[in-house]
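Engineer: Handing you this structure, nothing more for now.
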Amino acid sequence: MFLRNRFPSRTTASLLVGAGLAAGLLAYGSVSTAKIDLLQIPAIPSVHATRSLLLDVERVGKNLFAAGEFGQVLKSEDNGQTWTPGKVPTSITLTSVSFANDALGYAVGHDGVVLKTEDGGANWTKLIDGNAINKFVLDSLQAKADALQEEVDSLPENAKPETREAMEVAAEEAAFLVDTAQGDIEVGPSKPLLDVVVNANGTVFVVGAYGQLLKSNDAGANWVYLGDRINNPNNYHLNTLLLSKTGEIWLAGEQGTVLVSADEGESWTSRKIDYDGSIFALVELPETRTVVAVGLRGHLFRLPFGTDAWQEVKTNLRETFSGATVLADGSAVVVGSRGILARSTDDFQTLQVTRRADKLPSASVVQLNDQEILLTGLRGFKTLSLSEFK
């Protein structure tokens, strides 16, 4: 089953060498089939893992972690010179990894899978998958539908016709959503999770396709579905999360959707961008606290701290931006399709642009040292010197 794309024209991992690579790296939807359920098959360590599709790379203290196709989670303790695979209980494609500390970390991926490690990535356990998430969604929608129907049933006989009609329509729409959720349960896990963060309090947030948004306050033992607490009636895909320096949770996705929560997901404020495309990455610049959003066809926006209006940065690029990171010197690097990379040292007033010699797409980027960055993408890792930016 193919779903709307995180990266435009992404294909599934098994079809990645197809035409979709020009615009992205991986399609929504699972590569699981009725015959082979990759949720039930442990990842097989491979000597080729460092050259396979890797969708995220993160620094955790002195260590690096990367995640990608076939359930691979790799760890490097020597700044990317060598990589060791973790023991992962599924072979499903993983899209994001995040750590609370050197030992405790989480990874998410296709089919709604959420994994956890408590030993620094050596061993991973599955917490939930799309089957559980589908049940969370159904329970939430059923409760709302029941409440609306009770309101309709309790209307007095002399209620205004327009009031009764409006409430009946709302109840019917809620019942329709329940039917849709029941259909999702019959289909099974098919919606990927696309990002995960864990804040200073240990609260874990995950987002994904079709408006999936969940959190756990107890290290993944229990989960609360938050997708019904945001204004997202069209279930736009939620692609990325950002944990701000002040502890706010930012999320972004399709149709310029940007939402912010200052109370650990209990309520959300819209910071929508006047843009009808998708946002794939958010970063916060440490000195100015400017938030930067990047997305399709070279679109890049900045929101200076204390302001409400996003400012579009004219990049004169057509490549899609898919990942970003802040370097130790306060500058930021953005990566994307066709090997494009852009760096800003002045709060995104201007850009320095370069391109990978192989022109392969990059999904994520992390700093290695004062002189180099590490990219992940279609064929694994790529090291690039910061002197390449001009």
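Simple scheme: letters A, B, ... for chains in structure tokens order, numbers from 1 for residues in each chain, numbers from 1 for ligands in the order shown.
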Sorted by chain and rising residue number, which residues of segment 288-369 of chain A lie within 12 Å of segment 80-87 of chain A, and what are their closest atom pairs and distances in Å to one decimal, counting only C-alpha atoms, as CSV?

Structural biologist:
residue,atom,partner,partner_atom,distance
A:Val366,CA,A:Gly80,CA,10.5
A:Gln367,CA,A:Gly80,CA,10.4
A:Leu368,CA,A:Gly80,CA,7.7
A:Asn369,CA,A:Gly80,CA,10.6

Engineer: Could you list, as a list in words, every residue within 7 Å of Ile340 of chain A, counting only C-alpha atoms and ignoring same-chain residues fewer than 3 positions away?

Structural biologist: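 Once the nearby chain positions are removed, what remains is Glu319, Val335, Gly336, Ser337, Thr354, Arg355 and Arg356 of chain A.
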
Engineer: Which residues in segment 64-305 of chain A does DSSP call strand (DSSP E or B)? List them as an MDAnalysis selection string.

Structural biologist: chainID A and resid 64:68 73:76 84:85 87 94:99 105:109 114:117 123 125:128 193:198 204:208 213:216 224:225 238:243 249:253 258:261 269:270 279:284 291:295 300:303

Engineer: Point out the residue among A:Arg271, A:Lys144, A:Lys126, A:His299 with the least atom-to-atom distance to Ala175 of chain A, counting only C-alpha atoms.

Structural biologist: A:Lys144

Engineer: Taking only C-alpha atoms into account, name the residue in A:Tyr106, A:Phe280, A:Phe381, A:Trp124 that is nearest to Leu241 of chain A.

Structural biologist: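 Between A:Tyr106, A:Phe280, A:Phe381, A:Trp124, the residue approaching Leu241 of chain A most closely is A:Phe280.
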
Engineer: Skip Pro192 of chain A itself and residues of its chain fewer than 6 positions away, then list as a PDB file with N, CA and C atoms, in the first residue's frame all residues within 6 Å of it, counting only C-alpha atoms.

Structural biologist:
ATOM      1  N   GLY A  29       4.455   4.018   3.831  1.00  0.00           N
ATOM      2  CA  GLY A  29       3.898   2.686   3.697  1.00  0.00           C
ATOM      3  C   GLY A  29       4.928   1.641   4.023  1.00  0.00           C
ATOM      4  N   GLY A 109       9.902   3.864  12.893  1.00  0.00           N
ATOM      5  CA  GLY A 109       9.982   3.556  11.477  1.00  0.00           C
ATOM      6  C   GLY A 109       8.666   3.132  10.875  1.00  0.00           C
ATOM      7  N   HIS A 110       8.772   2.396   9.785  1.00  0.00           N
ATOM      8  CA  HIS A 110       7.604   1.945   9.041  1.00  0.00           C
ATOM      9  C   HIS A 110       6.720   1.043   9.900  1.00  0.00           C
ATOM     10  N   ASP A 111       5.472   0.937   9.468  1.00  0.00           N
ATOM     11  CA  ASP A 111       4.474   0.121  10.163  1.00  0.00           C
ATOM     12  C   ASP A 111       4.278   0.573  11.607  1.00  0.00           C
ATOM     13  N   GLY A 112       4.573   1.854  11.875  1.00  0.00           N
ATOM     14  CA  GLY A 112       4.328   2.421  13.199  1.00  0.00           C
ATOM     15  C   GLY A 112       5.183   1.838  14.305  1.00  0.00           C
ATOM     16  N   GLY A 208       4.099  10.925  12.561  1.00  0.00           N
ATOM     17  CA  GLY A 208       4.179  10.159  11.332  1.00  0.00           C
ATOM     18  C   GLY A 208       3.096  10.487  10.337  1.00  0.00           C
ATOM     19  N   ALA A 209       2.906   9.594   9.391  1.00  0.00           N
ATOM     20  CA  ALA A 209       1.960   9.776   8.302  1.00  0.00           C
ATOM     21  C   ALA A 209       0.526   9.854   8.811  1.00  0.00           C
TER      22      ALA A 209
END
